[in-house]
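As structure tokens, the structure follows; a few thoughts come after it.
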Amino acid sequence: MSIEVTGVSKRFGDFVALQDVSVSIPSGQLTALLGPSGGGKSTLLRIIAGLEYADAGTVGIEGLDATALPARKRGVGFVFQHYAAFKHLTVRRNIAFGLEIRKRPKDEIRRRVDELLALVHLEQFAERLPAQLSGGQRQRMALARALAVEPKVLLLDEPFGALDAKVRKELREWLRRLHDEVHVTTVFVTHDQEEALEVADEIVVVNEGRVEQIGTPDQLYDEPANDFVMRFLGPVTQLGDLLVRPHDVALSPGADDPDAVAGRVARVVRVGFEVRVEVSTGEQVVLATLTRTEFLRLGVGVGATVSVRVVPGAPVVAVPGSVVRSGLEVPAR
Amino acid sequence: MSSVRLTRGSGLGLGVALLWFSLLVLIPLAAVVATAAAGGWDGFWQAVTNEQTAAAIRLTVGTALLVTVVNVVMGTLIAWVLVRDRFPGQRALEVLIDVPFALPTIVAGLVLLSLYGPDSPLGLDVANTRAAVFLAFLFVTLPFVVRTVQPVLAELDREVEEAAASLGASRLATFRRIILPALAPAIAAGAALSFARGVSEYGSLVLLSGNLPLRTEVTSVRILSSIENDNLGNAAAVATVLLAISFAVIVALDVIQRRVGRRG
Ligand SMILES: Nc1ncnc2c1ncn2[C@@H]1O[C@H](COP(=O)(O)OP(=O)(O)O)[C@@H](O)[C@H]1O
Ligand SMILES: [Mg+2]
């Protein structure tokens with residue numbers, strides 16, 4: 001394991017930001033800390049980096065106890081959401097900063113910076129100031145600057161959060177390819193579940209200062225540990241006492257399926273390739289998303305009676321506080 | 001730039017600014033220089049090399065420079081404490097910083113006289129010495145660097161310092177290579193204000209310094225006595241020298257600031 005966080009707690013005044021958090025992050029992988037804003041992701045990342053200190057618990061990096069080590073001795077690269085560029089230095093000097101601090105020979109620094117400039121595709125921008133770069137370029141510069149000192153682990157706090165959607169998407173694909181090239185143990189924070197599912201090898205879901213679940217994107221998606229994880233990873237709908245994803249809800253015409261709930265189609269909305277069908281079962285409105293083809297095959301419209309059931313084998317999670325009733329009731333009509 | 005074209009609005013703005021600047025600054029300055037030049041080069045040279053005048057210029061400029069250096073260090077330090085630390089009495093200090101600036105200078109002079117004069121409750125009598133001039137300069141110029149540096153320091157992005165730390169920089173290296181270049185323009189501006197204010201100071205030191213010719217007499221006192229003796233040419237000559245020195249200091253500060261600002 002490359003990063004071992006054990007029993008870490010952190011308070012800001014009365015506010016509990018992290019509560020007994022333990023996470024093991026494997027070497028050489030790309031791990032995402034995923035969760036809603038304010039959940040404590042940045043705090044956890046900053047504690048790993050030594051930019052913040054835990055009230056309790058320990059942090060190990062590559063087998064070394066780093067709990068009391070200052071940031072500059074941890075061998076950790078950190079990339080901030082808002083770039084934290086050294087505004088008075090050129091791109092080249094920004095990237096060289098850590099090497100200059102380590103008093104490496106001048107020609108070695110030059111060679112290494114040239115390599116990094118090529119790695120992040122900023123060769124033509126070497127002599128520019130950060131203010132003359134776009135957001136995406138600045139963030140690539142920040143990444144090169146962090147990689148220059150060959151950190152044991154690379155930590156990124158919402159690295160693409162300040163960029164517009166298109167650049168964001170490009171950069172996260174680029175980050176994935178870069179990681180496959182460089183292979184440094186990487187942890188990045190995001191509140192965007194799509195970003196985490198698309199890029200990460202492993203995802204740690206953090207919420208209200210606790211870890212909700214750790215697993216691969218597939219594990220999280222197919223076996224969500226609780227309703228929070230289920231809801232956070234994408235749209236859900238409720239059928240009886242079960243949370244289910246709308247695309248795992250199957251509809252069939254008529255009300256004669258004994259294993260299903262009968263309902264009436266209340267609304268049909270088509271958004272691009274998908275058709276969203278809202279079915280009122282009397283006590284609930286269940287959302288089903290179908291492809292256009294599926295919907296046409298179903299051949300029903302608003303007001304029609306349909307049977308609603310969960311596709312066999314689809315992940316479901318019980319709504320907390322409810323007792324799952326055996327069998328789904330068919331409402332009286 | 002080969003050709004800069006102004007829009008109507010910005011042309012008007014520039015015109016008004018230039019006119020304003022001319023009326024308030026350029027024309028009076030030109031008048032002083034013209035008065036100084038009226039006596040011819042010999043008259044000018046005699047006026048400024050007069051033993052008593054030259055001593056006053058040396059004392060004033062030397063003390064102003066020294067005070068400016070002290071202010072650059074202390075002012076930055078005080079600004080740092082005010083922005084980065086939390087301590088009881090901070091709000092009070094925050095207000096008190098401006099007192100030397102807000103106080104009528106003659107009141108400052110009285111304060112200094114009663115504190116460091118012959119009846120000093122501290123047993124510290126600097127009356128009629130050059131230390132009195134130094135002290136008075138220091139007192140009235142205290143706020144300048146503090147007040148120019150403080151807002152810039154408050155706006156500095158803390159994450160930039162954290163980035164430097166994570167790249168292996170010590171606190172000192174971070175200060176020297178990252179923070180100082182960012183503060184340099186503000187420090188230079190504060191230093192220029194502080195120097196100019198020192199050179200022109202009158203009220204706060206006139207009581208404590210004793211105005212002893214060749215020893216504690218400063219240029220503002222010297223200029224005033226020239227005028228009282230109906231020797232406007234002499235006064236203008238001294239003023240012109242001060243003008244030239246201040247200009248040189250401001251240019252030098254700008255050069256230093258640019259150097260520091262690009263280093264890191
Ligand atoms: N330095 C701090 N002082 C006080 N509260 C803080 C500080 N840093 C973070 N917090 C609080 O801790 C909580 C978790 O913050 P953070 O770790 O930034 O969450 P996330 O990155 O998941 O959005 C937030 O409610 C935030 O307001
Ligand atoms: Mg955050």
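Each chain in the structure tokens gets a letter, A, B and so on, in the order shown; residues start at 1 in every chain, and ligands are counted from 1 in the order they appear.
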Taking only C-alpha atoms into account, produce a table as JSON lines in which each residue of chain B with an atom at most 12 Å from an atom of chain A appears once, together with its shortest atom pair and the distance in Å to one decimal, ordered by chain and rising number.
{"residue": "B:Leu156", "atom": "CA", "partner": "A:Ala84", "partner_atom": "CA", "distance": 10.4}
{"residue": "B:Asp157", "atom": "CA", "partner": "A:Ala84", "partner_atom": "CA", "distance": 7.4}
{"residue": "B:Arg158", "atom": "CA", "partner": "A:Ala84", "partner_atom": "CA", "distance": 8.4}
{"residue": "B:Glu159", "atom": "CA", "partner": "A:Ala84", "partner_atom": "CA", "distance": 5.6}
{"residue": "B:Val160", "atom": "CA", "partner": "A:Ala84", "partner_atom": "CA", "distance": 4.6}
{"residue": "B:Glu161", "atom": "CA", "partner": "A:Ala84", "partner_atom": "CA", "distance": 8.3}
{"residue": "B:Glu162", "atom": "CA", "partner": "A:Leu51", "partner_atom": "CA", "distance": 6.8}
{"residue": "B:Ala163", "atom": "CA", "partner": "A:Ala84", "partner_atom": "CA", "distance": 6.6}
{"residue": "B:Ala164", "atom": "CA", "partner": "A:Gly98", "partner_atom": "CA", "distance": 7.7}
{"residue": "B:Ala165", "atom": "CA", "partner": "A:Arg72", "partner_atom": "CA", "distance": 4.9}
{"residue": "B:Ser166", "atom": "CA", "partner": "A:Arg72", "partner_atom": "CA", "distance": 4.7}
{"residue": "B:Leu167", "atom": "CA", "partner": "A:Gly98", "partner_atom": "CA", "distance": 4.9}
{"residue": "B:Gly168", "atom": "CA", "partner": "A:Arg72", "partner_atom": "CA", "distance": 4.0}
{"residue": "B:Ala169", "atom": "CA", "partner": "A:Ile101", "partner_atom": "CA", "distance": 6.1}
{"residue": "B:Ser170", "atom": "CA", "partner": "A:Arg72", "partner_atom": "CA", "distance": 7.1}
{"residue": "B:Arg171", "atom": "CA", "partner": "A:Arg72", "partner_atom": "CA", "distance": 9.6}
{"residue": "B:Leu172", "atom": "CA", "partner": "A:Ile101", "partner_atom": "CA", "distance": 11.4}
{"residue": "B:Ala173", "atom": "CA", "partner": "A:Ile101", "partner_atom": "CA", "distance": 8.0}
{"residue": "B:Thr174", "atom": "CA", "partner": "A:Ile101", "partner_atom": "CA", "distance": 9.7}
{"residue": "B:Arg176", "atom": "CA", "partner": "A:Ile101", "partner_atom": "CA", "distance": 11.8}
{"residue": "B:Arg177", "atom": "CA", "partner": "A:Phe86", "partner_atom": "CA", "distance": 9.5}
{"residue": "B:Ile178", "atom": "CA", "partner": "A:Phe86", "partner_atom": "CA", "distance": 7.0}
{"residue": "B:Ile179", "atom": "CA", "partner": "A:Phe86", "partner_atom": "CA", "distance": 9.6}
{"residue": "B:Leu180", "atom": "CA", "partner": "A:His88", "partner_atom": "CA", "distance": 10.6}
{"residue": "B:Pro181", "atom": "CA", "partner": "A:His88", "partner_atom": "CA", "distance": 7.3}
{"residue": "B:Ala182", "atom": "CA", "partner": "A:His88", "partner_atom": "CA", "distance": 7.5}
{"residue": "B:Leu183", "atom": "CA", "partner": "A:His88", "partner_atom": "CA", "distance": 11.1}
{"residue": "B:Ala184", "atom": "CA", "partner": "A:His88", "partner_atom": "CA", "distance": 11.1}
{"residue": "B:Arg258", "atom": "CA", "partner": "A:His88", "partner_atom": "CA", "distance": 10.4}
{"residue": "B:Arg259", "atom": "CA", "partner": "A:His88", "partner_atom": "CA", "distance": 11.0}
{"residue": "B:Val260", "atom": "CA", "partner": "A:His88", "partner_atom": "CA", "distance": 9.8}
{"residue": "B:Gly261", "atom": "CA", "partner": "A:His88", "partner_atom": "CA", "distance": 6.6}
{"residue": "B:Arg262", "atom": "CA", "partner": "A:His88", "partner_atom": "CA", "distance": 5.8}
{"residue": "B:Arg263", "atom": "CA", "partner": "A:Leu89", "partner_atom": "CA", "distance": 7.7}
{"residue": "B:Gly264", "atom": "CA", "partner": "A:Leu89", "partner_atom": "CA", "distance": 7.2}
All residues 8 Å or closer to segment 101-114 of chain B, only C-alpha atoms, same chain fewer than 2 positions away omitted, as a count of residues only: 21
Give me the residues near segment 227-243 of chain B as a count of residues only, where near means some atom within 7 Å (using only C-alpha atoms) and where sequence neighbours in that chain fewer than 3 positions away do not count. 12
Which residues are close to Ala162 of chain A, i.e. within 12 Å by only C-alpha atoms, leaving aside same-chain residues fewer than 5 positions away? Reply as a PyMOL selection string. chain A and resi 80-83+134-136+138-139+157+167-168+171+190
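The contact shell of ligand 1, defined as all polymer residues within 7 Å when only C-alpha atoms and all ligand atoms are used, comprises A:Phe12, A:Ala17, A:Gly35, A:Pro36, A:Ser37, A:Gly38, A:Gly39, A:Gly40, A:Lys41, A:Ser42, A:Thr43, A:Leu44.
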Write out, as a tab-separated table (two decimals), in the first residue's frame, the residues just selected, with N, CA, C and O atoms.
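What landed in again_26.tsv:
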chain	number	residue	atom	x	y	z
A	12	PHE	N	-12.71	21.34	12.90
A	12	PHE	CA	-12.45	22.78	12.79
A	12	PHE	C	-13.37	23.44	13.80
A	12	PHE	O	-14.56	23.57	13.55
A	17	ALA	N	-14.90	17.60	10.64
A	17	ALA	CA	-14.69	17.50	9.19
A	17	ALA	C	-14.38	16.06	8.77
A	17	ALA	O	-14.78	15.63	7.71
A	35	GLY	N	-17.28	12.53	-3.51
A	35	GLY	CA	-18.32	12.82	-2.54
A	35	GLY	C	-18.84	14.22	-2.72
A	35	GLY	O	-18.27	15.01	-3.48
A	36	PRO	N	-19.95	14.53	-2.02
A	36	PRO	CA	-20.53	15.86	-2.18
A	36	PRO	C	-19.63	16.92	-1.57
A	36	PRO	O	-18.79	16.64	-0.73
A	37	SER	N	-19.83	18.13	-2.00
A	37	SER	CA	-19.07	19.27	-1.53
A	37	SER	C	-19.27	19.45	-0.02
A	37	SER	O	-20.36	19.30	0.49
A	38	GLY	N	-18.18	19.69	0.69
A	38	GLY	CA	-18.25	19.87	2.15
A	38	GLY	C	-18.12	18.56	2.90
A	38	GLY	O	-18.20	18.53	4.12
A	39	GLY	N	-17.92	17.46	2.19
A	39	GLY	CA	-17.87	16.15	2.83
A	39	GLY	C	-16.54	15.83	3.51
A	39	GLY	O	-16.45	14.86	4.26
A	40	GLY	N	-15.50	16.61	3.23
A	40	GLY	CA	-14.22	16.38	3.88
A	40	GLY	C	-13.14	15.82	2.96
A	40	GLY	O	-12.06	15.46	3.43
A	41	LYS	N	-13.40	15.80	1.65
A	41	LYS	CA	-12.41	15.24	0.71
A	41	LYS	C	-11.12	16.04	0.71
A	41	LYS	O	-10.03	15.48	0.82
A	42	SER	N	-11.26	17.36	0.57
A	42	SER	CA	-10.06	18.19	0.53
A	42	SER	C	-9.29	18.09	1.83
A	42	SER	O	-8.05	18.02	1.83
A	43	THR	N	-10.01	18.08	2.93
A	43	THR	CA	-9.36	17.98	4.23
A	43	THR	C	-8.54	16.70	4.31
A	43	THR	O	-7.38	16.71	4.75
A	44	LEU	N	-9.11	15.59	3.85
A	44	LEU	CA	-8.38	14.32	3.86
A	44	LEU	C	-7.13	14.40	2.98
A	44	LEU	O	-6.04	14.00	3.38
Any idea what's packed within 8 Å of segment 54-64 of chain B, counting only C-alpha atoms, ignoring anything in its chain fewer than 4 positions away? Could you give it as a ChimeraX atom specification? /B:48-50,68,133-134,137,194-196,198-199,213-219,222,238,242
As an MDAnalysis selection string, list the residues of segment 52-201 of chain B assigned to helix (DSSP H, G or I) by DSSP on the backbone atoms of this structure. chainID B and resid 52:84 90:96 99:102 105:116 130:155 158:166 171:200
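Put simply, atom CA of Val300 of chain A is 21.6 Å away from atom CA of Gln238 of chain A.
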All residues 8 Å or closer to Leu153 of chain B, only C-alpha atoms, same chain fewer than 4 positions away omitted, as a VMD selection string: chain B and resid 79 to 80 83 149 183
Print the selection's residues with N, CA and C atoms to a file, as a PDB file, in the first residue's frame.
ATOM      1  N   ALA B  79       2.939  44.526   8.977  1.00  0.00           N
ATOM      2  CA  ALA B  79       1.853  44.142   8.071  1.00  0.00           C
ATOM      3  C   ALA B  79       1.640  42.631   8.143  1.00  0.00           C
ATOM      4  N   TRP B  80       2.729  41.887   8.179  1.00  0.00           N
ATOM      5  CA  TRP B  80       2.660  40.419   8.256  1.00  0.00           C
ATOM      6  C   TRP B  80       1.894  39.985   9.503  1.00  0.00           C
ATOM      7  N   VAL B  83      -1.805  40.774   9.284  1.00  0.00           N
ATOM      8  CA  VAL B  83      -2.588  39.968   8.340  1.00  0.00           C
ATOM      9  C   VAL B  83      -2.603  38.502   8.747  1.00  0.00           C
ATOM     10  N   VAL B 149       1.566  47.495   2.155  1.00  0.00           N
ATOM     11  CA  VAL B 149       1.828  46.055   2.061  1.00  0.00           C
ATOM     12  C   VAL B 149       0.618  45.235   2.517  1.00  0.00           C
ATOM     13  N   LEU B 183       5.200  41.050  -3.010  1.00  0.00           N
ATOM     14  CA  LEU B 183       5.039  42.241  -2.184  1.00  0.00           C
ATOM     15  C   LEU B 183       5.894  43.406  -2.675  1.00  0.00           C
TER      16      LEU B 183
END
For Val275 of chain A: contacts at 10 Å, only C-alpha atoms, fewer than 3 positions along chain excluded, given as an MDAnalysis selection string: chainID A and resid 268:272 278 288:296
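We find atom CA of Leu163 of chain A and atom CA of Ala118 of chain A to be spaced 21.8 Å apart.
Restricting the calculation to only C-alpha atoms and all ligand atoms, the smallest distance between ligand 2 and any of A:Gly57, A:Gly63, A:Gly28, A:Gly161 is found for A:Gly161.
Backbone DSSP assigns strand (DSSP E) in segment 154-183 of chain A to A:Leu154, A:Leu155, A:Leu156, A:Asp157.
Relative to atom CA of His179 of chain A, atom CA of Leu34 of chain A is found at 18.4 Å.
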